Structures are given as C-alpha cells and as structure tokens.
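Student: my_file05.cif is the file, holding mmCIF, C-alpha atoms:
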data_run
loop_
_atom_site.label_atom_id
_atom_site.label_comp_id
_atom_site.auth_asym_id
_atom_site.auth_seq_id
_atom_site.Cartn_x
_atom_site.Cartn_y
_atom_site.Cartn_z
CA MET P 1 0.00 0.00 0.00
CA ARG P 2 1.28 3.47 -0.93
CA VAL P 3 0.58 5.95 1.85
CA LEU P 4 1.00 9.73 1.92
CA ILE P 5 1.43 11.33 5.35
CA THR P 6 0.88 15.07 5.61
CA GLY P 7 2.86 16.62 8.44
CA HIS P 8 5.30 13.69 8.36
CA GLU P 9 8.02 15.83 9.95
CA GLY P 10 5.87 16.84 12.92
CA TYR P 11 5.52 15.42 16.42
CA ILE P 12 3.34 12.43 15.47
CA GLY P 13 4.48 12.11 11.86
CA ALA P 14 8.16 11.74 12.78
CA VAL P 15 7.20 8.62 14.76
CA MET P 16 4.51 7.33 12.39
CA ALA P 17 6.40 7.46 9.10
CA PRO P 18 9.27 5.15 10.12
CA MET P 19 6.84 2.83 11.92
CA LEU P 20 4.80 2.34 8.73
CA VAL P 21 7.98 1.77 6.73
CA ARG P 22 9.02 -0.94 9.19
CA GLU P 23 5.59 -2.53 8.74
CA GLY P 24 6.07 -2.77 4.99
CA PHE P 25 4.20 0.27 3.66
CA GLU P 26 5.56 2.52 0.94
CA VAL P 27 5.49 5.90 2.68
CA HIS P 28 5.84 9.39 1.26
CA GLY P 29 5.50 12.66 3.13
CA LEU P 30 4.27 16.18 2.61
CA ASP P 31 5.28 18.91 5.04
CA SER P 32 5.64 22.70 5.06
CA GLY P 33 8.87 22.56 7.06
CA LEU P 34 7.80 24.92 9.84
CA PHE P 35 9.63 22.84 12.43
CA ALA P 36 12.54 21.61 10.32
CA ASP P 37 15.14 22.84 12.85
CA CYS P 38 13.37 21.60 15.96
CA ASP P 39 15.00 18.21 16.46
CA PHE P 40 15.09 16.38 19.78
CA GLY P 41 17.99 13.96 19.83
CA VAL P 42 18.26 12.23 16.45
CA GLN P 43 16.85 13.77 13.30
CA PRO P 44 13.65 12.26 11.89
CA SER P 45 14.15 9.35 9.49
CA GLY P 46 14.58 10.37 5.88
CA ILE P 47 11.22 9.76 4.23
CA PRO P 48 10.80 10.85 0.59
CA GLY P 49 8.46 13.79 0.45
CA LEU P 50 7.35 17.15 -0.84
CA ARG P 51 8.03 20.49 0.81
CA ARG P 52 4.49 21.87 0.49
CA ASP P 53 2.02 23.99 2.44
CA ILE P 54 -1.16 21.99 2.86
CA ARG P 55 -3.07 24.90 1.30
CA ASP P 56 -1.04 24.55 -1.91
CA VAL P 57 -1.52 20.83 -2.54
CA THR P 58 -2.67 19.86 -6.04
CA ALA P 59 -4.40 16.74 -7.32
CA SER P 60 -1.20 15.58 -8.98
CA ASP P 61 0.52 15.51 -5.57
CA LEU P 62 -1.91 12.81 -4.49
CA GLU P 63 -2.05 10.60 -7.56
CA GLY P 64 -1.09 6.97 -7.10
CA PHE P 65 -1.66 6.75 -3.36
CA ASP P 66 -3.95 4.19 -1.77
CA ALA P 67 -4.35 6.16 1.45
CA VAL P 68 -3.75 9.65 2.79
CA ILE P 69 -3.04 10.15 6.49
CA HIS P 70 -3.71 13.78 7.28
CA LEU P 71 -1.78 14.98 10.33
CA ALA P 72 -0.73 18.48 9.20
CA ALA P 73 -2.42 21.24 11.21
CA ILE P 74 -1.98 24.26 13.42
CA SER P 75 -1.36 21.92 16.24
CA ASN P 76 -2.57 23.20 19.61
CA ASP P 77 -4.94 25.56 21.35
CA PRO P 78 -2.58 28.53 22.07
CA LEU P 79 -1.34 28.53 18.49
CA GLY P 80 -4.90 28.28 17.20
CA ASN P 81 -5.89 31.25 19.33
CA LEU P 82 -2.98 33.29 17.93
CA ASN P 83 -4.78 33.59 14.58
CA PRO P 84 -8.22 31.90 14.52
CA ASP P 85 -8.91 32.80 10.88
CA CYS P 86 -5.65 31.20 9.81
CA THR P 87 -6.43 28.18 11.96
CA TYR P 88 -9.72 27.65 10.13
CA GLU P 89 -8.05 28.21 6.76
CA ILE P 90 -5.41 25.55 7.42
CA ASN P 91 -7.12 23.11 9.77
CA HIS P 92 -10.61 23.26 8.27
CA ARG P 93 -10.77 24.49 4.70
CA ALA P 94 -7.45 23.03 3.55
CA SER P 95 -8.24 19.68 5.19
CA VAL P 96 -11.58 19.44 3.40
CA HIS P 97 -9.98 20.48 0.10
CA LEU P 98 -7.32 17.81 0.59
CA ALA P 99 -10.06 15.20 1.00
CA GLN P 100 -11.80 16.43 -2.13
CA LEU P 101 -8.57 16.21 -4.13
CA ALA P 102 -7.81 12.76 -2.74
CA LYS P 103 -11.23 11.49 -3.73
CA SER P 104 -10.95 13.02 -7.21
CA VAL P 105 -7.76 11.05 -8.00
CA GLY P 106 -8.96 7.73 -6.59
CA VAL P 107 -7.41 7.62 -3.12
CA GLU P 108 -9.48 5.03 -1.27
CA ARG P 109 -8.81 5.85 2.39
CA TYR P 110 -8.54 9.24 4.05
CA LEU P 111 -7.42 8.95 7.66
CA TYR P 112 -8.03 12.22 9.45
CA SER P 113 -6.22 13.05 12.68
CA SER P 114 -9.01 14.53 14.77
CA SER P 115 -8.97 15.05 18.53
CA CYS P 116 -10.85 14.23 21.70
CA SER P 117 -10.79 18.00 22.27
CA VAL P 118 -13.96 18.08 20.14
CA TYR P 119 -15.74 17.03 23.36
CA GLY P 120 -14.37 20.18 25.01
CA ALA P 121 -16.33 21.18 28.07
CA ALA P 122 -18.08 18.11 29.46
CA SER P 123 -19.26 16.81 32.79
CA PRO P 124 -16.51 14.87 34.57
CA ASP P 125 -19.21 12.41 35.58
CA ASP P 126 -19.64 11.31 31.95
CA VAL P 127 -17.30 8.99 30.04
CA LEU P 128 -17.82 9.97 26.41
CA ASP P 129 -18.02 7.61 23.47
CA GLU P 130 -18.12 8.51 19.79
CA THR P 131 -21.84 9.34 19.92
CA ALA P 132 -21.35 12.12 22.48
CA SER P 133 -22.20 15.71 21.61
CA PHE P 134 -19.41 18.03 20.57
CA SER P 135 -18.59 20.99 22.80
CA PRO P 136 -15.41 22.58 21.44
CA VAL P 137 -14.02 25.53 23.40
CA THR P 138 -11.12 26.62 21.12
CA PRO P 139 -10.66 27.37 17.41
CA TYR P 140 -8.42 24.28 17.18
CA ALA P 141 -11.16 21.99 18.47
CA GLU P 142 -13.84 23.74 16.42
CA SER P 143 -11.80 23.21 13.25
CA LYS P 144 -11.74 19.48 13.95
CA VAL P 145 -15.52 19.41 14.36
CA ARG P 146 -16.00 21.21 11.04
CA VAL P 147 -13.72 18.86 9.11
CA GLU P 148 -15.48 15.77 10.44
CA ALA P 149 -18.86 17.19 9.43
CA ASP P 150 -17.77 18.21 5.93
CA VAL P 151 -15.70 15.15 5.05
CA ALA P 152 -18.18 12.58 6.41
CA GLY P 153 -20.59 13.52 3.63
CA MET P 154 -17.99 12.58 1.01
CA ALA P 155 -18.01 8.88 1.91
CA ASP P 156 -19.15 6.56 -0.87
CA ASP P 157 -18.27 3.23 -2.47
CA ARG P 158 -14.91 4.57 -3.67
CA PHE P 159 -13.85 6.82 -0.80
CA SER P 160 -13.61 5.90 2.89
CA PRO P 161 -12.87 8.70 5.34
CA VAL P 162 -12.01 7.68 8.91
CA PHE P 163 -11.81 10.07 11.86
CA LEU P 164 -9.32 9.22 14.59
CA ARG P 165 -10.02 11.35 17.65
CA ASN P 166 -6.72 11.21 19.47
CA ALA P 167 -6.57 11.64 23.21
CA THR P 168 -4.02 14.18 24.47
CA VAL P 169 -0.70 12.82 23.20
CA TYR P 170 2.54 12.44 25.13
CA GLY P 171 5.88 10.71 24.70
CA VAL P 172 9.27 11.04 23.05
CA SER P 173 9.50 11.99 19.37
CA PRO P 174 12.33 13.29 17.16
CA ARG P 175 10.15 16.40 16.89
CA LEU P 176 9.29 16.74 20.56
CA ARG P 177 6.49 19.05 21.66
CA GLY P 178 7.11 20.59 25.04
CA ASP P 179 3.65 22.18 25.16
CA LEU P 180 1.77 18.90 25.68
CA VAL P 181 0.77 18.39 29.27
CA VAL P 182 2.69 15.23 30.22
CA ASN P 183 5.79 16.24 28.28
CA ASN P 184 5.63 19.67 29.90
CA LEU P 185 5.15 18.47 33.46
CA VAL P 186 8.08 16.05 33.20
CA GLY P 187 10.25 18.68 31.53
CA TRP P 188 9.70 21.29 34.22
CA ALA P 189 10.17 18.72 36.96
CA PHE P 190 13.49 17.58 35.51
CA ALA P 191 14.87 21.00 34.59
CA THR P 192 13.68 23.03 37.59
CA GLY P 193 12.47 20.67 40.29
CA HIS P 194 8.96 22.12 39.99
CA VAL P 195 6.09 20.01 38.64
CA LEU P 196 4.36 23.15 37.39
CA ILE P 197 0.58 22.80 36.97
CA LYS P 198 -0.94 25.62 34.93
CA SER P 199 -4.54 24.92 36.03
CA ASP P 200 -5.94 24.02 39.42
CA GLY P 201 -5.25 20.37 38.64
CA THR P 202 -8.88 19.25 38.58
CA PRO P 203 -9.54 18.91 34.79
CA TRP P 204 -9.78 15.41 33.37
CA ARG P 205 -7.84 14.39 30.26
CA PRO P 206 -7.64 11.18 28.27
CA LEU P 207 -3.97 10.54 27.51
CA VAL P 208 -2.25 8.43 24.83
CA HIS P 209 1.36 7.78 23.88
CA VAL P 210 2.48 8.98 20.46
CA GLU P 211 3.47 5.43 19.46
CA ASP P 212 0.02 4.14 20.36
CA VAL P 213 -1.56 6.83 18.17
CA CYS P 214 0.56 5.52 15.31
CA ARG P 215 -0.54 1.96 16.09
CA ALA P 216 -4.17 3.06 15.78
CA PHE P 217 -3.58 4.53 12.31
CA LEU P 218 -1.73 1.35 11.34
CA ALA P 219 -4.68 -0.76 12.48
CA VAL P 220 -7.07 1.34 10.37
CA LEU P 221 -4.86 0.98 7.29
CA ARG P 222 -4.92 -2.81 7.71
CA ALA P 223 -8.60 -3.16 8.64
CA ASP P 224 -11.29 -4.47 6.35
CA ARG P 225 -13.06 -1.53 4.71
CA SER P 226 -16.42 -2.54 6.17
CA LEU P 227 -15.08 -1.97 9.70
CA ILE P 228 -13.74 1.55 9.21
CA HIS P 229 -15.73 3.16 6.37
CA GLY P 230 -17.00 6.57 7.53
CA GLU P 231 -16.36 5.76 11.18
CA ALA P 232 -14.97 7.82 14.04
CA PHE P 233 -12.77 6.25 16.71
CA ASN P 234 -11.60 7.64 20.01
CA VAL P 235 -7.89 6.80 20.14
CA GLY P 236 -6.52 5.91 23.53
CA ARG P 237 -6.51 3.21 26.14
CA SER P 238 -9.12 2.25 28.68
CA GLY P 239 -8.10 3.32 32.15
CA GLU P 240 -5.94 6.17 30.87
CA ASN P 241 -8.18 9.10 31.83
CA TYR P 242 -6.51 11.20 34.50
CA ARG P 243 -6.92 14.42 36.40
CA ILE P 244 -3.96 16.69 35.76
CA LEU P 245 -3.11 16.52 39.46
CA ASP P 246 -2.93 12.71 39.20
CA VAL P 247 -0.36 13.04 36.41
CA ALA P 248 1.61 15.60 38.40
CA GLU P 249 1.77 13.20 41.33
CA MET P 250 3.13 10.50 39.01
CA VAL P 251 5.78 12.92 37.77
CA GLU P 252 6.70 13.92 41.31
CA ASP P 253 7.16 10.25 42.15
CA VAL P 254 9.35 9.50 39.11
CA VAL P 255 11.55 12.62 38.93
CA PRO P 256 13.88 12.85 41.94
CA ASN P 257 13.79 16.00 44.07
CA SER P 258 10.73 17.43 42.33
CA ARG P 259 7.69 18.99 43.98
CA ILE P 260 4.23 19.91 42.68
CA GLU P 261 3.59 23.62 42.27
CA ILE P 262 0.41 25.35 41.13
CA ALA P 263 1.15 28.28 38.80
CA GLU P 264 0.25 31.72 40.13
CA GLY P 265 -3.31 32.65 39.16
CA ALA P 266 -4.14 29.14 37.97
CA GLY P 267 -7.81 28.19 37.97
CA PRO P 268 -10.16 25.62 36.48
CA ASP P 269 -9.63 24.74 32.82
CA PRO P 270 -12.87 24.54 30.77
CA ARG P 271 -11.32 21.72 28.73
CA CYS P 272 -12.39 18.82 30.92
CA TYR P 273 -13.54 15.47 29.59
CA ARG P 274 -13.23 11.72 30.13
CA VAL P 275 -13.36 9.40 27.13
CA ASN P 276 -14.47 5.84 26.40
CA PHE P 277 -12.19 3.77 24.12
CA GLU P 278 -14.25 0.58 23.85
CA LYS P 279 -15.16 1.08 20.18
CA ILE P 280 -11.62 0.97 18.83
CA GLU P 281 -10.75 -1.95 21.11
CA ARG P 282 -13.83 -3.85 19.96
CA THR P 283 -13.66 -3.02 16.25
CA LEU P 284 -9.91 -3.14 15.63
CA PRO P 285 -8.36 -5.98 17.64
CA ASP P 286 -5.04 -5.37 15.86
CA PHE P 287 -4.80 -2.11 17.82
CA GLN P 288 -2.74 -3.08 20.85
CA PRO P 289 -1.63 -0.07 22.92
CA ALA P 290 1.71 -0.64 24.60
CA TRP P 291 2.03 2.36 26.89
CA THR P 292 0.67 3.70 30.16
CA VAL P 293 1.16 7.26 31.38
CA ARG P 294 3.46 6.00 34.14
CA LYS P 295 5.72 4.29 31.58
CA GLY P 296 5.61 7.43 29.43
CA VAL P 297 6.70 9.63 32.33
CA GLU P 298 9.64 7.30 32.92
CA GLU P 299 10.53 7.35 29.20
CA LEU P 300 10.43 11.15 29.07
CA HIS P 301 12.51 11.51 32.20
CA ALA P 302 15.19 9.21 30.77
CA ALA P 303 15.16 11.10 27.45
CA TYR P 304 15.47 14.48 29.15
CA GLN P 305 18.40 13.16 31.16
CA ARG P 306 20.06 11.80 28.03
CA GLU P 307 19.64 15.06 26.09
CA GLY P 308 20.49 17.35 29.03
CA LEU P 309 17.24 19.32 28.91
CA VAL P 310 17.44 22.71 30.66
CA LYS P 311 14.90 25.40 31.56
CA ASP P 312 15.79 27.52 28.53
CA ASP P 313 14.74 24.62 26.28
CA LEU P 314 11.30 24.64 27.88
CA GLU P 315 10.86 28.35 27.24
CA GLY P 316 12.47 28.54 23.79
CA SER P 317 11.19 27.95 20.29
CA ARG P 318 12.59 24.49 19.58
CA TYR P 319 9.96 22.57 21.54
CA LEU P 320 7.14 25.11 21.86
CA ARG P 321 5.10 25.43 18.67
CA ILE P 322 3.68 28.88 19.41
CA ARG P 323 7.16 30.25 20.21
CA ARG P 324 8.53 28.80 16.97
CA ILE P 325 5.78 30.39 14.89
CA GLN P 326 6.14 33.72 16.67
CA GLU P 327 9.89 33.63 16.07
CA LEU P 328 9.40 33.01 12.33
CA LEU P 329 6.86 35.85 12.20
CA ASP P 330 9.19 38.25 14.03
CA GLU P 331 12.01 37.35 11.64
CA LYS P 332 9.69 38.01 8.67
CA ARG P 333 10.27 34.47 7.44
CA LEU P 334 6.50 33.89 7.60
CA ASP P 335 3.78 36.32 6.59
CA ASP P 336 0.68 36.93 8.69
CA ALA P 337 -1.11 34.02 6.99
CA LEU P 338 1.77 31.69 7.94
CA HIS P 339 3.05 31.33 4.38
CA TRP P 340 6.79 31.20 3.92
CA VAL P 341 8.15 34.51 2.64
CA GLN P 342 10.06 33.95 -0.58
CA LYS P 343 13.36 35.79 -0.89
#
Since I need it in another form, could you write the structure as structure tokens?
Tutor:
Amino acid sequence: MRVLITGHEGYIGAVMAPMLVREGFEVHGLDSGLFADCDFGVQPSGIPGLRRDIRDVTASDLEGFDAVIHLAAISNDPLGNLNPDCTYEINHRASVHLAQLAKSVGVERYLYSSSCSVYGAASPDDVLDETASFSPVTPYAESKVRVEADVAGMADDRFSPVFLRNATVYGVSPRLRGDLVVNNLVGWAFATGHVLIKSDGTPWRPLVHVEDVCRAFLAVLRADRSLIHGEAFNVGRSGENYRILDVAEMVEDVVPNSRIEIAEGAGPDPRCYRVNFEKIERTLPDFQPAWTVRKGVEELHAAYQREGLVKDDLEGSRYLRIRRIQELLDEKRLDDALHWVQK
C-alpha cells in the first residue's frame, strides 16, 4: 500500500512514518517545514516527500496513493488562538480540500487526525463515546468538528474517510512538543524541580502515547473496509483518563527531588472530559496499545536526562510550537497568513 502522510516531519508524523515503513508500507511525506530545525535527539528518518504547504496541494501531488493520512495542522490551542482565521483556513478548509482532491484522483482511504478535544467542556461524571455531543471551546477543536462534518458527507463506495479522535498525546519523538501536558510536566520537573501545573489540577484528560496513536492509524490501514468506512474512533486506552493533578503526582514520584507547584493565578480549565475507548478496542483488535502514562513519564525523564534538557529549552522555540511560529513571524520568514516569505 502506498501511503501519503501530511505533516510527516511533525511530532506524530516523525514517529509514524518510520513505523509504517518498518511494517512494509511505501510511505511518502508532505510537510511545510515549519519545524525543520526543531530536532530532539536524532533527526527524523529520511522519508521521501514534498516540501508543500497543505493549502497549496494539487491533485497531482496525491495521484497513485492508496491512502492519505492527514496529520498536518496548526497543532494546539494557544497557536490556534494566535490567529483563529488562519487556523480555520489551514485546519478546516485546507483539510476538506485535501479530502476532495484525494477522492478526485482515486485515493481510497482518508485517515483524518481529529482530537478528543472536540468534546471540550463536558461533565466529569460522563465517560464519552463517539456518539457524544461536541462541545469545542477553542478554534483548534472547532476546526476538527467542522472537518469531520464536511468530510463525512464525502463517503461513498470509492472513498472511505475515517476520523481518529486522538486523546491528548505524550511521549518522546524526534520532533518533541514541550507544550503537551505530560511532556511539559516532566520537563519542568526535571529542569527546575517544579512540577508546574498551569490549572488548578482538577480537569480530566484522556492521555495516549504517540506510538500508540501511530498503532491506531496502522490498524485502520490494515482493517477491512467494512469496519472503518465513515467511522470515528476515540484513540486511547481504557483506564488512561486522568486528572492533571494525578499526572503531576506520578511525575513527582518518578523525577527525583521534584515537587508539585500550582502556577500563580491558575484556575479551572474549561477543557475537561473523560473518554471511552471501547469502540476501537472492539472493532480493531489489531490495535494493541503498549504504553501507560506512568511508563511514558519514565521514558520522558530518561530522554530528558540523556539530552540534558534545561529550563531555557522549555521556554524557547525548539519545543514550543507557538514560540517557533512567533519567532518566524518576528524574523519576517512567515507572513501573517503563515506562508513562507520567498526571498
């Protein structure tokens, strides 16, 4: 199977692309290169690909592929809030256009990287399955809702979209993100001794390791079409819903000489939800998650030790997406619409 991964040089893509190659897929990538200098440890594996903004993709870029895995996006809530119109242009409109182009050239499967953040503000008493109502609270989450609605209607006998609603991701990647909650808590604990919680610690989050996200996409690629056609799947592991304070306590236990600290002015976070993962476990038995949050915290701690992570790394542009984008804007290397400036 020939597979195109958009965003193959990003946090998830840098793990997914080599995994699919190891599993025997012919993998090509497409990436705008926004984070090309943001390596953590080793550089991402060399996957053949195009240097292309997702908004500039043409039908010819997609010809000959059996599946498209669409990861490329403005990738978190603070960055989405920086420029909501641009977020919708990239995350929503360009994602729908990509699906339309893929369908027009005969791509059979379109695997869309959605998010459990579509559930947004929910009662902590509820454990939400794929039939739950959406309640997005950020432009990032809203863009995911819009893509699912628009692309679902494109499903037919020749084109099978699948929506993988990833839990909040954590874990080591060649393109590490330091803004994700588990990665961030471990980083601050290691570099400063403070397990710094930026809310009051009460919000619930479903959490999933980056490798397990990749295993879910792999399972969908291999699944019989009748099992995945037009379906949405929450991607995570049963038992891996945690309050942020629970995660902080894990980090405090793993990282020597660290102590939990609540950030000044921190309060409740409206993004609070618990998620049910029974559908993916029931429908795709090939999906076998290998990680728990505790194991992930230990992995991150070991990686930060190995790479000598320091506080400046946590506050700089290499591992924080919004800082990287702001740096490129300040240097006039990107325009206000986040297009590269040609010189």
Student: Pull out every residue that the PyMOL selection byres ((chain P and resi 115) around 6) matches in the shown coordinates and put them as a list in words.
Tutor: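 Written out, the selection comes to Ser114, Cys116, Ser117, Arg165 and Asn166 of chain P.
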Student: Counting all atoms listed in the file, which residues have an atom no more than 10 Å from (-16.2, 23.4, 19.2) in the file's coordinates? Please list them as a PyMOL selection string.
Tutor: chain P and resi 117-121+134-146
Student: For a quick check of understanding, using all atoms listed in the file, which of P:Leu4, P:Phe159, P:Gly33, P:Asn83 has the smallest distance to Gly64 (chain P)?
Tutor: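 When distances to Gly64 (chain P) are compared using all atoms listed in the file, the smallest one comes from P:Leu4.
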Student: Between P:His92, P:His97, P:Arg318, P:His194, which is the closest to Glu249 (chain P) once you count all atoms listed in the file?
Tutor: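 Closest to Glu249 (chain P), using all atoms listed in the file: P:His194.
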Student: Write out as a list in words the residues lying within 8 Å of region 312-315 of chain P, counting only C-alpha atoms and excluding same-chain residues fewer than 6 positions away.
Tutor: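 The contact residues come out as Gly178, Asn184, Gly187 and Trp188 of chain P.
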Student: Nearest to Ile47 (chain P): which of P:Val107, P:Leu20, P:Val68, P:Ala102 is it, counting only C-alpha atoms?
Tutor: P:Leu20
Student: Skipping near chain neighbours, those fewer than 5 positions away, what residues fall within 6 Å of region 201-216 of chain P using only C-alpha atoms, listed as a PyMOL selection string?
Tutor: chain P and resi 16+167-171+236+240-245+272-274+287+289
Student: I need the output of the PyMOL selection byres ((chain P and resi 10) around 10) for this file as a list in words; which residues are they?
Tutor: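 For this structure, the PyMOL selection byres ((chain P and resi 10) around 10) captures Thr6, Gly7, His8, Glu9, Tyr11, Ile12, Gly13, Ala14, Val15, Met16, Asp31, Ser32, Gly33, Leu34, Phe35, Ala36, Cys38, Asp39, Pro44, Leu71, Ala72, Ala73, Ser75, Ser173, Pro174, Arg175, Leu176 and Arg177 of chain P.
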Student: Starting from the displayed file, determine the output of the PyMOL selection byres ((chain P and resi 285) around 12) and express the residue list as a PyMOL selection string.
Tutor: chain P and resi 215-216+218-220+222-224+227+278-284+286-289
Student: As a PDB file, in the coordinates of the input, please: region 140-172 of chain P completed to N, CA and C atoms.
Tutor:
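The resulting file, result17.pdb, is reproduced below:
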ATOM      1  N   TYR P 140      -9.024  25.565  17.571  1.00  0.00           N
ATOM      2  CA  TYR P 140      -8.420  24.280  17.180  1.00  0.00           C
ATOM      3  C   TYR P 140      -9.454  23.164  17.217  1.00  0.00           C
ATOM      4  N   ALA P 141     -10.160  23.046  18.335  1.00  0.00           N
ATOM      5  CA  ALA P 141     -11.160  21.990  18.470  1.00  0.00           C
ATOM      6  C   ALA P 141     -12.329  22.198  17.511  1.00  0.00           C
ATOM      7  N   GLU P 142     -12.751  23.435  17.350  1.00  0.00           N
ATOM      8  CA  GLU P 142     -13.840  23.740  16.420  1.00  0.00           C
ATOM      9  C   GLU P 142     -13.468  23.357  14.998  1.00  0.00           C
ATOM     10  N   SER P 143     -12.225  23.582  14.610  1.00  0.00           N
ATOM     11  CA  SER P 143     -11.800  23.210  13.250  1.00  0.00           C
ATOM     12  C   SER P 143     -11.907  21.709  13.036  1.00  0.00           C
ATOM     13  N   LYS P 144     -11.622  20.931  14.062  1.00  0.00           N
ATOM     14  CA  LYS P 144     -11.740  19.480  13.950  1.00  0.00           C
ATOM     15  C   LYS P 144     -13.196  19.061  13.755  1.00  0.00           C
ATOM     16  N   VAL P 145     -14.091  19.699  14.497  1.00  0.00           N
ATOM     17  CA  VAL P 145     -15.520  19.410  14.360  1.00  0.00           C
ATOM     18  C   VAL P 145     -15.980  19.691  12.931  1.00  0.00           C
ATOM     19  N   ARG P 146     -15.564  20.820  12.382  1.00  0.00           N
ATOM     20  CA  ARG P 146     -16.000  21.210  11.040  1.00  0.00           C
ATOM     21  C   ARG P 146     -15.498  20.242   9.977  1.00  0.00           C
ATOM     22  N   VAL P 147     -14.247  19.799  10.109  1.00  0.00           N
ATOM     23  CA  VAL P 147     -13.720  18.860   9.110  1.00  0.00           C
ATOM     24  C   VAL P 147     -14.496  17.542   9.159  1.00  0.00           C
ATOM     25  N   GLU P 148     -14.727  17.028  10.341  1.00  0.00           N
ATOM     26  CA  GLU P 148     -15.480  15.770  10.440  1.00  0.00           C
ATOM     27  C   GLU P 148     -16.842  15.901   9.758  1.00  0.00           C
ATOM     28  N   ALA P 149     -17.528  17.008  10.008  1.00  0.00           N
ATOM     29  CA  ALA P 149     -18.860  17.190   9.430  1.00  0.00           C
ATOM     30  C   ALA P 149     -18.797  17.273   7.905  1.00  0.00           C
ATOM     31  N   ASP P 150     -17.834  18.007   7.376  1.00  0.00           N
ATOM     32  CA  ASP P 150     -17.770  18.210   5.930  1.00  0.00           C
ATOM     33  C   ASP P 150     -17.269  16.975   5.192  1.00  0.00           C
ATOM     34  N   VAL P 151     -16.297  16.282   5.755  1.00  0.00           N
ATOM     35  CA  VAL P 151     -15.700  15.150   5.050  1.00  0.00           C
ATOM     36  C   VAL P 151     -16.567  13.898   5.171  1.00  0.00           C
ATOM     37  N   ALA P 152     -17.315  13.768   6.246  1.00  0.00           N
ATOM     38  CA  ALA P 152     -18.180  12.580   6.410  1.00  0.00           C
ATOM     39  C   ALA P 152     -19.145  12.441   5.244  1.00  0.00           C
ATOM     40  N   GLY P 153     -19.638  13.557   4.741  1.00  0.00           N
ATOM     41  CA  GLY P 153     -20.590  13.520   3.630  1.00  0.00           C
ATOM     42  C   GLY P 153     -19.988  13.099   2.312  1.00  0.00           C
ATOM     43  N   MET P 154     -18.669  12.973   2.241  1.00  0.00           N
ATOM     44  CA  MET P 154     -17.990  12.580   1.010  1.00  0.00           C
ATOM     45  C   MET P 154     -17.856  11.067   0.879  1.00  0.00           C
ATOM     46  N   ALA P 155     -18.177  10.339   1.935  1.00  0.00           N
ATOM     47  CA  ALA P 155     -18.010   8.880   1.910  1.00  0.00           C
ATOM     48  C   ALA P 155     -18.912   8.250   0.865  1.00  0.00           C
ATOM     49  N   ASP P 156     -18.349   7.338   0.090  1.00  0.00           N
ATOM     50  CA  ASP P 156     -19.150   6.560  -0.870  1.00  0.00           C
ATOM     51  C   ASP P 156     -18.426   5.260  -1.153  1.00  0.00           C
ATOM     52  N   ASP P 157     -18.839   4.537  -2.192  1.00  0.00           N
ATOM     53  CA  ASP P 157     -18.270   3.230  -2.470  1.00  0.00           C
ATOM     54  C   ASP P 157     -16.793   3.273  -2.823  1.00  0.00           C
ATOM     55  N   ARG P 158     -16.306   4.453  -3.212  1.00  0.00           N
ATOM     56  CA  ARG P 158     -14.910   4.570  -3.670  1.00  0.00           C
ATOM     57  C   ARG P 158     -14.023   5.303  -2.663  1.00  0.00           C
ATOM     58  N   PHE P 159     -14.617   5.937  -1.673  1.00  0.00           N
ATOM     59  CA  PHE P 159     -13.850   6.820  -0.800  1.00  0.00           C
ATOM     60  C   PHE P 159     -14.276   6.613   0.651  1.00  0.00           C
ATOM     61  N   SER P 160     -13.318   6.208   1.485  1.00  0.00           N
ATOM     62  CA  SER P 160     -13.610   5.900   2.890  1.00  0.00           C
ATOM     63  C   SER P 160     -12.845   6.832   3.829  1.00  0.00           C
ATOM     64  N   PRO P 161     -13.504   7.881   4.308  1.00  0.00           N
ATOM     65  CA  PRO P 161     -12.870   8.700   5.340  1.00  0.00           C
ATOM     66  C   PRO P 161     -13.012   8.028   6.711  1.00  0.00           C
ATOM     67  N   VAL P 162     -11.997   8.209   7.546  1.00  0.00           N
ATOM     68  CA  VAL P 162     -12.010   7.680   8.910  1.00  0.00           C
ATOM     69  C   VAL P 162     -11.492   8.786   9.823  1.00  0.00           C
ATOM     70  N   PHE P 163     -12.139   8.969  10.961  1.00  0.00           N
ATOM     71  CA  PHE P 163     -11.810  10.070  11.860  1.00  0.00           C
ATOM     72  C   PHE P 163     -11.259   9.495  13.164  1.00  0.00           C
ATOM     73  N   LEU P 164      -9.977   9.734  13.394  1.00  0.00           N
ATOM     74  CA  LEU P 164      -9.320   9.220  14.590  1.00  0.00           C
ATOM     75  C   LEU P 164      -9.173  10.349  15.593  1.00  0.00           C
ATOM     76  N   ARG P 165      -9.991  10.295  16.641  1.00  0.00           N
ATOM     77  CA  ARG P 165     -10.020  11.350  17.650  1.00  0.00           C
ATOM     78  C   ARG P 165      -9.006  11.009  18.747  1.00  0.00           C
ATOM     79  N   ASN P 166      -7.809  11.530  18.558  1.00  0.00           N
ATOM     80  CA  ASN P 166      -6.720  11.210  19.470  1.00  0.00           C
ATOM     81  C   ASN P 166      -6.954  11.845  20.840  1.00  0.00           C
ATOM     82  N   ALA P 167      -6.667  11.068  21.874  1.00  0.00           N
ATOM     83  CA  ALA P 167      -6.570  11.640  23.210  1.00  0.00           C
ATOM     84  C   ALA P 167      -5.370  12.587  23.248  1.00  0.00           C
ATOM     85  N   THR P 168      -5.166  13.292  24.342  1.00  0.00           N
ATOM     86  CA  THR P 168      -4.020  14.180  24.470  1.00  0.00           C
ATOM     87  C   THR P 168      -2.743  13.346  24.429  1.00  0.00           C
ATOM     88  N   VAL P 169      -1.860  13.666  23.486  1.00  0.00           N
ATOM     89  CA  VAL P 169      -0.700  12.820  23.200  1.00  0.00           C
ATOM     90  C   VAL P 169       0.475  13.202  24.095  1.00  0.00           C
ATOM     91  N   TYR P 170       1.306  12.223  24.377  1.00  0.00           N
ATOM     92  CA  TYR P 170       2.540  12.440  25.130  1.00  0.00           C
ATOM     93  C   TYR P 170       3.596  11.477  24.598  1.00  0.00           C
ATOM     94  N   GLY P 171       4.829  11.657  25.035  1.00  0.00           N
ATOM     95  CA  GLY P 171       5.880  10.710  24.700  1.00  0.00           C
ATOM     96  C   GLY P 171       6.983  11.311  23.854  1.00  0.00           C
ATOM     97  N   VAL P 172       8.075  10.581  23.753  1.00  0.00           N
ATOM     98  CA  VAL P 172       9.270  11.040  23.050  1.00  0.00           C
ATOM     99  C   VAL P 172       9.071  10.925  21.543  1.00  0.00           C
TER     100      VAL P 172
END
